[in-house]
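File shown here: entry01.txt, holding compact mmCIF, C-alpha atoms and all ligand atoms.
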# COMPACT_ATOMS: atom_id res chain seq x y z
CA MET Z 1 105.73 121.99 125.33
CA ILE Z 2 103.37 122.09 122.32
CA ILE Z 3 105.00 121.51 118.93
CA PRO Z 4 102.52 121.61 116.04
CA LEU Z 5 102.91 119.53 112.86
CA ASN Z 6 103.02 122.75 110.81
CA ARG Z 7 103.88 126.30 111.83
CA LEU Z 8 103.53 129.64 110.05
CA PHE Z 9 106.87 130.91 108.76
CA LEU Z 10 107.21 134.52 107.59
CA SER Z 11 110.22 135.73 105.63
CA GLY Z 12 109.74 139.32 106.82
CA ASN Z 13 108.73 141.09 103.60
CA GLU Z 14 105.14 139.83 103.34
CA ILE Z 15 103.44 142.93 104.83
CA LYS Z 16 105.71 145.29 102.89
CA TYR Z 17 104.84 143.72 99.54
CA ILE Z 18 101.13 143.48 100.38
CA GLU Z 19 101.14 147.20 101.25
CA ASP Z 20 102.88 147.85 97.96
CA THR Z 21 99.88 146.40 96.10
CA PHE Z 22 97.72 148.98 97.92
CA LYS Z 23 100.12 151.77 96.89
CA LYS Z 24 100.03 150.54 93.31
CA GLY Z 25 96.24 150.45 93.55
CA GLU Z 26 96.19 147.09 91.77
CA ILE Z 27 94.95 144.29 94.00
CA THR Z 28 93.11 142.08 91.49
CA ALA Z 29 94.47 139.14 89.51
CA ASN Z 30 97.33 139.20 86.99
CA ASN Z 31 99.02 142.37 88.22
CA PHE Z 32 102.57 143.30 89.30
CA TYR Z 33 103.35 140.53 91.86
CA THR Z 34 101.52 137.81 89.95
CA GLN Z 35 103.73 138.52 86.95
CA LYS Z 36 106.83 138.79 89.14
CA VAL Z 37 106.21 135.36 90.69
CA GLN Z 38 105.36 133.76 87.35
CA LYS Z 39 108.52 135.15 85.70
CA PHE Z 40 110.65 134.08 88.69
CA ILE Z 41 109.41 130.48 88.41
CA GLU Z 42 109.64 130.39 84.60
CA ASN Z 43 113.19 131.78 84.55
CA ASN Z 44 114.65 129.90 87.53
CA TYR Z 45 113.07 126.55 86.70
CA ASN Z 46 113.14 126.86 82.93
CA PHE Z 47 109.38 126.37 82.43
CA LYS Z 48 107.54 127.46 79.28
CA LYS Z 49 104.68 129.03 81.18
CA THR Z 50 103.53 129.44 84.78
CA LEU Z 51 100.08 130.68 85.81
CA LEU Z 52 99.29 131.38 89.45
CA THR Z 53 96.05 129.81 90.63
CA THR Z 54 94.04 129.99 93.84
CA SER Z 55 95.19 126.43 94.73
CA ALA Z 56 96.84 123.30 93.37
CA THR Z 57 93.31 121.89 93.27
CA ASP Z 58 92.44 124.63 90.76
CA ALA Z 59 95.63 124.06 88.77
CA LEU Z 60 94.78 120.35 88.41
CA GLU Z 61 91.24 121.20 87.32
CA MET Z 62 92.64 123.63 84.73
CA ALA Z 63 95.06 120.97 83.50
CA PHE Z 64 92.27 118.57 82.60
CA ILE Z 65 90.19 121.30 80.95
CA LEU Z 66 93.24 122.04 78.78
CA LEU Z 67 93.68 118.35 77.91
CA ASN Z 68 89.98 118.16 76.88
CA LEU Z 69 89.45 115.26 79.26
CA GLN Z 70 85.97 113.83 78.70
CA ALA Z 71 83.44 111.35 80.03
CA GLY Z 72 84.73 107.83 79.47
CA ASP Z 73 88.41 108.84 79.62
CA GLU Z 74 90.71 107.30 82.22
CA VAL Z 75 93.67 108.78 84.10
CA ILE Z 76 96.22 106.60 85.92
CA MET Z 77 97.31 107.81 89.38
CA PRO Z 78 98.29 106.52 92.81
CA SER Z 79 95.56 106.03 95.42
CA TYR Z 80 98.00 107.33 98.01
CA THR Z 81 97.37 111.05 97.39
CA PHE Z 82 95.17 113.98 98.30
CA VAL Z 83 91.56 114.02 97.08
CA SER Z 84 92.15 116.88 94.61
CA THR Z 85 94.29 114.64 92.38
CA ALA Z 86 91.26 112.44 91.70
CA ASN Z 87 88.59 115.15 91.85
CA ALA Z 88 90.17 117.06 88.95
CA VAL Z 89 89.58 113.98 86.78
CA MET Z 90 86.10 113.22 88.17
CA LEU Z 91 84.95 116.82 87.56
CA ARG Z 92 85.42 116.26 83.80
CA GLY Z 93 83.33 113.08 84.00
CA ALA Z 94 86.41 110.89 83.60
CA LYS Z 95 87.61 108.04 85.83
CA PRO Z 96 90.67 107.84 88.10
CA ILE Z 97 92.44 104.50 87.71
CA PHE Z 98 94.48 103.78 90.80
CA VAL Z 99 97.71 101.80 90.91
CA ASP Z 100 99.87 100.81 93.86
CA ILE Z 101 102.90 102.72 95.19
CA ASP Z 102 106.45 101.53 95.80
CA GLU Z 103 108.58 101.75 98.95
CA LYS Z 104 109.29 105.42 98.15
CA LEU Z 105 105.54 106.09 98.46
CA ASN Z 106 105.37 107.12 94.78
CA ILE Z 107 103.46 105.43 91.95
CA ASN Z 108 105.12 102.11 91.05
CA PRO Z 109 106.10 102.52 87.38
CA HIS Z 110 106.14 98.73 86.84
CA LEU Z 111 102.38 98.62 87.47
CA ILE Z 112 101.40 101.40 85.08
CA GLU Z 113 101.39 99.49 81.78
CA ASN Z 114 98.99 96.90 83.15
CA ALA Z 115 96.47 99.67 83.95
CA ILE Z 116 96.50 101.18 80.44
CA THR Z 117 93.38 100.64 78.29
CA ASN Z 118 92.17 102.25 75.06
CA LYS Z 119 90.41 104.84 77.28
CA THR Z 120 93.59 105.98 79.03
CA LYS Z 121 94.34 109.63 78.33
CA ALA Z 122 97.00 110.57 80.89
CA ILE Z 123 99.31 109.46 83.69
CA LEU Z 124 99.22 111.55 86.87
CA PRO Z 125 102.27 110.90 89.08
CA VAL Z 126 102.35 112.50 92.55
CA HIS Z 127 105.78 113.46 93.90
CA TYR Z 128 105.18 112.50 97.53
CA ALA Z 129 107.10 114.51 100.14
CA GLY Z 130 108.84 116.43 97.34
CA VAL Z 131 110.77 113.30 96.31
CA ALA Z 132 110.69 112.75 92.54
CA CYS Z 133 108.83 109.83 90.98
CA ASP Z 134 110.79 107.67 88.54
CA MET Z 135 110.10 110.10 85.69
CA ASP Z 136 112.33 108.36 83.13
CA SER Z 137 110.17 105.22 83.30
CA ILE Z 138 106.93 107.21 83.41
CA MET Z 139 107.85 109.38 80.40
CA ASP Z 140 108.94 106.28 78.44
CA ILE Z 141 105.55 104.63 79.02
CA ALA Z 142 103.70 107.87 78.16
CA ASN Z 143 105.63 108.19 74.89
CA LYS Z 144 105.12 104.54 74.00
CA TYR Z 145 101.31 104.78 74.43
CA ASN Z 146 100.96 108.44 73.40
CA LEU Z 147 99.58 109.59 76.77
CA TYR Z 148 99.76 112.98 78.47
CA VAL Z 149 101.64 113.33 81.75
CA VAL Z 150 100.31 115.70 84.42
CA GLU Z 151 102.58 115.97 87.48
CA ASP Z 152 101.03 116.59 90.87
CA ALA Z 153 104.01 118.49 92.25
CA ALA Z 154 101.83 120.15 94.92
CA GLN Z 155 104.53 119.19 97.46
CA GLY Z 156 107.41 119.57 95.01
CA ILE Z 157 108.55 123.18 94.57
CA ASN Z 158 112.35 123.52 94.34
CA ALA Z 159 112.85 119.74 94.14
CA LYS Z 160 114.36 117.99 91.13
CA HIS Z 161 114.40 114.82 89.05
CA LYS Z 162 117.98 114.70 87.74
CA ALA Z 163 118.52 118.21 86.29
CA ASP Z 164 114.80 119.02 85.89
CA TYR Z 165 112.55 120.75 88.40
CA LEU Z 166 109.44 118.81 89.39
CA GLY Z 167 106.29 119.96 87.66
CA GLY Z 168 108.17 120.81 84.48
CA ILE Z 169 108.87 117.31 83.15
CA GLY Z 170 105.41 116.24 81.94
CA ASP Z 171 103.03 118.22 79.71
CA LEU Z 172 101.49 120.00 82.68
CA GLY Z 173 102.23 120.22 86.39
CA CYS Z 174 101.09 121.98 89.52
CA TYR Z 175 102.43 123.47 92.74
CA SER Z 176 100.52 124.18 95.93
CA PHE Z 177 101.08 127.24 98.09
CA HIS Z 178 98.69 126.05 100.80
CA GLY Z 179 99.70 127.04 104.34
CA THR Z 180 101.15 123.56 105.02
CA LYS Z 181 103.50 123.54 102.01
CA ASN Z 182 107.16 124.71 101.87
CA ILE Z 183 106.19 128.20 100.76
CA SER Z 184 102.69 129.56 100.96
CA SER Z 185 100.25 132.37 100.33
CA GLY Z 186 97.69 130.93 102.75
CA GLU Z 187 95.86 129.25 99.88
CA GLY Z 188 97.43 129.25 96.44
CA GLY Z 189 98.91 127.25 93.62
CA ALA Z 190 100.37 127.35 90.14
CA LEU Z 191 99.80 125.59 86.85
CA LEU Z 192 103.07 124.78 85.06
CA ILE Z 193 102.89 124.32 81.31
CA ASN Z 194 105.63 122.60 79.35
CA SER Z 195 103.63 120.89 76.63
CA ASN Z 196 104.82 121.10 73.03
CA ASP Z 197 101.17 121.35 72.01
CA GLU Z 198 100.73 125.00 70.97
CA SER Z 199 96.95 124.89 71.46
CA ILE Z 200 97.43 124.14 75.17
CA LEU Z 201 99.64 127.19 75.60
CA ARG Z 202 97.27 129.33 73.55
CA ARG Z 203 94.15 128.29 75.49
CA ALA Z 204 95.75 128.40 78.95
CA THR Z 205 95.43 132.14 79.67
CA ASN Z 206 91.88 132.17 78.33
CA VAL Z 207 90.74 129.31 80.57
CA TRP Z 208 92.58 131.04 83.45
CA GLU Z 209 90.76 134.33 82.82
CA LYS Z 210 87.23 132.87 83.08
CA GLY Z 211 87.13 131.74 79.44
CA THR Z 212 87.86 135.21 78.03
CA ASN Z 213 90.73 136.59 75.97
CA ARG Z 214 91.31 139.40 78.52
CA THR Z 215 95.07 138.71 78.67
CA GLN Z 216 95.45 139.12 74.89
CA PHE Z 217 93.25 142.24 75.05
CA ILE Z 218 95.48 143.83 77.74
CA ALA Z 219 98.55 142.98 75.67
CA GLY Z 220 96.92 144.79 72.73
CA LEU Z 221 96.73 141.62 70.64
CA VAL Z 222 92.94 141.76 70.12
CA ASP Z 223 90.68 144.82 70.08
CA LYS Z 224 87.70 143.25 71.88
CA TYR Z 225 87.63 141.29 75.13
CA THR Z 226 85.14 138.47 74.85
CA TRP Z 227 84.08 134.88 75.62
CA VAL Z 228 86.31 132.44 73.73
CA ASP Z 229 86.49 129.17 75.75
CA ILE Z 230 85.22 127.48 78.90
CA GLY Z 231 87.02 128.71 82.00
CA SER Z 232 86.68 129.82 85.57
CA SER Z 233 88.06 132.29 88.10
CA PHE Z 234 91.41 130.55 88.54
CA ALA Z 235 93.72 133.54 89.14
CA PRO Z 236 94.39 134.80 92.69
CA ALA Z 237 94.32 138.42 93.92
CA ASP Z 238 97.67 140.20 93.51
CA ILE Z 239 97.67 140.67 97.33
CA LEU Z 240 98.29 136.93 97.67
CA ALA Z 241 100.96 136.95 94.97
CA ALA Z 242 102.73 139.73 96.92
CA TYR Z 243 102.76 137.52 100.04
CA LEU Z 244 103.99 134.62 97.93
CA TYR Z 245 106.80 136.65 96.37
CA ALA Z 246 108.16 137.43 99.85
CA GLN Z 247 108.21 133.67 100.54
CA LEU Z 248 109.72 132.79 97.17
CA GLU Z 249 112.67 135.12 97.81
CA GLN Z 250 113.53 132.97 100.86
CA LEU Z 251 112.96 129.58 99.23
CA ASP Z 252 116.60 128.47 99.29
CA PHE Z 253 116.92 129.44 102.96
CA ILE Z 254 113.69 127.58 103.77
CA THR Z 255 114.87 124.46 101.93
CA ALA Z 256 118.27 124.55 103.70
CA LYS Z 257 116.67 124.89 107.17
CA ARG Z 258 114.33 122.01 106.42
CA GLN Z 259 117.27 119.92 105.28
CA GLU Z 260 119.01 120.54 108.65
CA VAL Z 261 115.96 119.31 110.55
CA TYR Z 262 115.61 116.32 108.20
CA GLU Z 263 119.24 115.25 108.59
CA ASN Z 264 119.09 115.64 112.34
CA TYR Z 265 116.13 113.25 112.47
CA ILE Z 266 117.99 110.73 110.29
CA LEU Z 267 120.98 110.88 112.63
CA GLY Z 268 118.84 110.49 115.77
CA LEU Z 269 116.80 107.59 114.39
CA GLN Z 270 119.44 105.54 112.57
CA GLU Z 271 119.85 103.03 115.44
CA PHE Z 272 116.14 102.12 115.25
CA ALA Z 273 116.40 101.60 111.50
CA ASP Z 274 119.45 99.38 112.11
CA ASN Z 275 117.31 97.37 114.54
CA ASN Z 276 114.55 97.02 111.91
CA LEU Z 277 111.95 98.70 114.11
CA ILE Z 278 111.48 101.41 111.48
CA LYS Z 279 112.51 102.32 107.94
CA LEU Z 280 113.91 105.74 107.15
CA PRO Z 281 112.82 107.55 103.96
CA VAL Z 282 114.42 106.38 100.71
CA ILE Z 283 115.72 109.09 98.38
CA PRO Z 284 116.67 107.61 95.02
CA ASP Z 285 119.81 108.80 93.18
CA TYR Z 286 117.75 110.65 90.57
CA ALA Z 287 115.94 112.79 93.17
CA THR Z 288 116.96 116.06 94.83
CA PRO Z 289 114.25 116.56 97.45
CA ASN Z 290 112.91 119.75 99.03
CA TYR Z 291 112.46 118.17 102.48
CA HIS Z 292 108.72 118.81 102.46
CA ILE Z 293 107.86 115.91 104.78
CA PHE Z 294 109.88 113.86 107.24
CA TYR Z 295 108.39 110.44 107.78
CA ILE Z 296 109.32 107.04 109.16
CA ILE Z 297 107.71 103.71 108.28
CA PHE Z 298 107.14 101.19 111.08
CA THR Z 299 107.84 97.53 110.42
CA ALA Z 300 104.74 96.76 112.54
CA ALA Z 301 101.70 99.03 112.07
CA LYS Z 302 100.64 98.57 115.71
CA ASP Z 303 103.91 100.17 116.83
CA ARG Z 304 103.05 103.24 114.74
CA ASP Z 305 99.81 103.73 116.64
CA ILE Z 306 101.55 103.37 120.00
CA VAL Z 307 104.23 105.92 119.08
CA LEU Z 308 101.70 108.35 117.57
CA LYS Z 309 99.62 108.31 120.74
CA TYR Z 310 102.67 108.71 122.97
CA LEU Z 311 104.08 111.67 121.01
CA GLN Z 312 100.69 113.38 120.93
CA SER Z 313 100.44 112.98 124.72
CA LYS Z 314 103.74 114.87 124.95
CA GLY Z 315 102.38 117.77 122.89
CA ILE Z 316 104.18 116.72 119.70
CA GLY Z 317 102.17 117.13 116.50
CA ALA Z 318 103.08 113.78 114.95
CA ALA Z 319 100.60 112.55 112.34
CA PHE Z 320 99.86 109.92 109.72
CA HIS Z 321 98.89 110.81 106.17
CA PHE Z 322 96.39 110.14 103.40
CA ILE Z 323 93.60 107.65 103.90
CA PRO Z 324 94.12 105.86 100.55
CA LEU Z 325 91.54 107.12 98.07
CA HIS Z 326 90.52 103.64 96.91
CA SER Z 327 89.39 102.70 100.43
CA SER Z 328 87.40 105.92 100.99
CA PRO Z 329 83.60 106.11 100.53
CA MET Z 330 84.14 107.73 97.09
CA GLY Z 331 86.67 105.05 96.17
CA GLU Z 332 84.13 102.37 97.04
CA LYS Z 333 81.56 104.07 94.80
CA LEU Z 334 84.10 103.77 91.99
CA GLY Z 335 84.21 100.02 92.60
CA TYR Z 336 87.43 99.74 94.56
CA LYS Z 337 87.74 97.71 97.74
CA ARG Z 338 90.12 97.36 100.64
CA ASN Z 339 93.17 95.23 99.82
CA ASP Z 340 93.17 96.27 96.15
CA PHE Z 341 96.55 97.97 96.68
CA PRO Z 342 98.50 96.15 99.41
CA ASN Z 343 101.57 98.38 99.50
CA THR Z 344 99.47 101.55 99.65
CA GLU Z 345 97.55 100.15 102.62
CA LYS Z 346 100.67 98.90 104.34
CA MET Z 347 102.40 102.30 104.01
CA ALA Z 348 99.32 104.29 105.02
CA SER Z 349 98.91 102.24 108.20
CA SER Z 350 102.58 102.33 109.19
CA ILE Z 351 103.71 105.88 108.34
CA LEU Z 352 104.45 108.51 110.98
CA ARG Z 353 105.20 112.13 110.08
CA LEU Z 354 107.13 114.47 112.37
CA PRO Z 355 107.20 118.29 112.55
CA ILE Z 356 109.58 119.83 109.98
CA TYR Z 357 109.79 123.57 109.26
CA PRO Z 358 112.45 126.32 109.16
CA ASN Z 359 111.41 127.75 112.54
CA LEU Z 360 111.46 124.46 114.46
CA THR Z 361 113.98 125.32 117.20
CA THR Z 362 116.89 123.07 118.17
CA VAL Z 363 115.37 122.80 121.66
CA GLU Z 364 112.09 121.63 120.15
CA GLN Z 365 113.78 119.12 117.90
CA ALA Z 366 115.80 117.75 120.82
CA TYR Z 367 112.52 117.39 122.78
CA ILE Z 368 110.92 115.44 119.91
CA LEU Z 369 113.92 113.13 119.52
CA GLU Z 370 114.20 112.58 123.27
CA HIS Z 371 110.58 111.40 123.56
CA LEU Z 372 110.76 109.44 120.35
CA THR Z 373 113.87 107.63 121.62
CA VAL Z 374 112.15 106.70 124.90
CA ILE Z 375 109.12 105.16 123.21
CA LEU Z 376 111.08 103.48 120.40
CA LYS Z 377 113.49 101.89 122.92
CA SER Z 378 110.51 100.45 124.79
CA LEU Z 379 109.45 98.71 121.57
CA LEU Z 380 112.81 97.08 120.79
C1 LIG Y 1 98.39 119.88 99.09
C2 LIG Y 1 98.14 118.94 97.98
C3 LIG Y 1 97.17 119.18 97.00
C4 LIG Y 1 96.19 120.31 97.08
O1 LIG Y 1 96.76 121.57 97.17
P1 LIG Y 1 95.84 122.85 97.41
O2 LIG Y 1 96.73 124.00 97.03
O3 LIG Y 1 95.49 122.84 98.85
O4 LIG Y 1 94.66 122.74 96.54
C5 LIG Y 1 97.08 118.31 95.93
N1 LIG Y 1 97.86 117.23 95.84
C6 LIG Y 1 98.79 116.95 96.78
C7 LIG Y 1 99.65 115.74 96.61
C8 LIG Y 1 98.94 117.78 97.89
O5 LIG Y 1 99.85 117.48 98.82
Would you mind giving the structure from this file in structure tokens?
Amino acid sequence: MIIPLNRLFLSGNEIKYIEDTFKKGEITANNFYTQKVQKFIENNYNFKKTLLTTSATDALEMAFILLNLQAGDEVIMPSYTFVSTANAVMLRGAKPIFVDIDEKLNINPHLIENAITNKTKAILPVHYAGVACDMDSIMDIANKYNLYVVEDAAQGINAKHKADYLGGIGDLGCYSFHGTKNISSGEGGALLINSNDESILRRATNVWEKGTNRTQFIAGLVDKYTWVDIGSSFAPADILAAYLYAQLEQLDFITAKRQEVYENYILGLQEFADNNLIKLPVIPDYATPNYHIFYIIFTAAKDRDIVLKYLQSKGIGAAFHFIPLHSSPMGEKLGYKRNDFPNTEKMASSILRLPIYPNLTTVEQAYILEHLTVILKSLL
């Protein structure tokens, strides 16, 4: 049996909606399905504005253009994240300032204040696995020091912090619709805007439309369409938005199926957590997750490597995650060294992720748990 870490899931309406864009004759950006998806997210999640982008990477880059991030500025973020979180800051000539994570694999809010300097412009929390960061603490610090908050909610669609959807708590946020995320358009993303700063809202569509006021022109608000700001080609083809809309319609079903898989893993692995061989994921009271990732943390990192190898030999797509950014070649160029962030390194070397998706069959999940049980028992 071969069980990949990720598997394509189609809701059934993707082709139909893509064909509909051909019938409408409108396949370029900011057409029927783009607006449908944006309205759906704004209305259901109570966001001020949503703009579809070609990736979360793009959405993060847009966010820091909108915040006028400049050379010399600093942005506080975890090192345990994907490269795009840091690149968006670097591309504006600014510097990522890493801080350690907690046992929930999210930025440790108690370490943020120590990292603030007079150059700090923003805090960039990453909601790992679709489990909310401690946003109350983070927003309190941001308010106290007058900093922006940009949420990397690339993994966080449909997940909440208390009553609020992830990505909509800070000034700006992003989602990813990459093929490995809960819903996808192959490659895709969204910028979520909730800032009270009117100039951010006003500039956003211009930056999105290559630095032009095309959106205002189409709406009949200006009589010429011209160059008004810096910008880039951030908006995806409507064909991709059509695919995404078909996925979005099934989001609650997808989340529920993932939850089933997640809870079945918890049940099957509880005895090994009780024996202290592993730790199961911690979901704090304030978080409603979207079951994006199922992971376990090994008490001993060497056990992780043994189990990973064994599962892979059985055709199971188990994996680890994120080489911490501070210990990468780019991180070293920024002056960081190994051991700067002990918890990040400990987690990165002892995490194991297991397949989780709506079309993981019960037979497949039983197969994974059976082999996992054999190898874990041998380590007790
Ligand atoms: C997937 C991911 C990204 C990048 O998303 P893309 O849409 O592929 O650009 C950024 N940050 C985190 C935390 C991610 O998991």
Quiz item: How many Å separate CA of Arg338 in chain Z from CA of Leu379 in chain Z?
Solution: 28.5 Å
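When CA of Val89 in chain Z is paired with CA of Phe64 in chain Z, their separation reads 6.8 Å.
The two atoms in question, CA of Ala153 in chain Z and CA of Asp20 in chain Z, are spaced 29.9 Å apart.
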Practice problem: Could you check which of Z:Asp136, Z:Asp152, Z:Glu271, Z:Asp285 is closest to Leu376 in chain Z, using all atoms listed in the file? | Solution: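 Among Z:Asp136, Z:Asp152, Z:Glu271, Z:Asp285, it is Z:Glu271 that comes nearest to Leu376 in chain Z.
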Self-check item: Protein and nucleic acid residues within 6 Å of ligand LIG 1 (chain Y) (only C-alpha atoms and all ligand atoms) as a ChimeraX atom specification
Solution: /Z:55-57,81-82,84-85,126,152,154-155,176-178,188-189
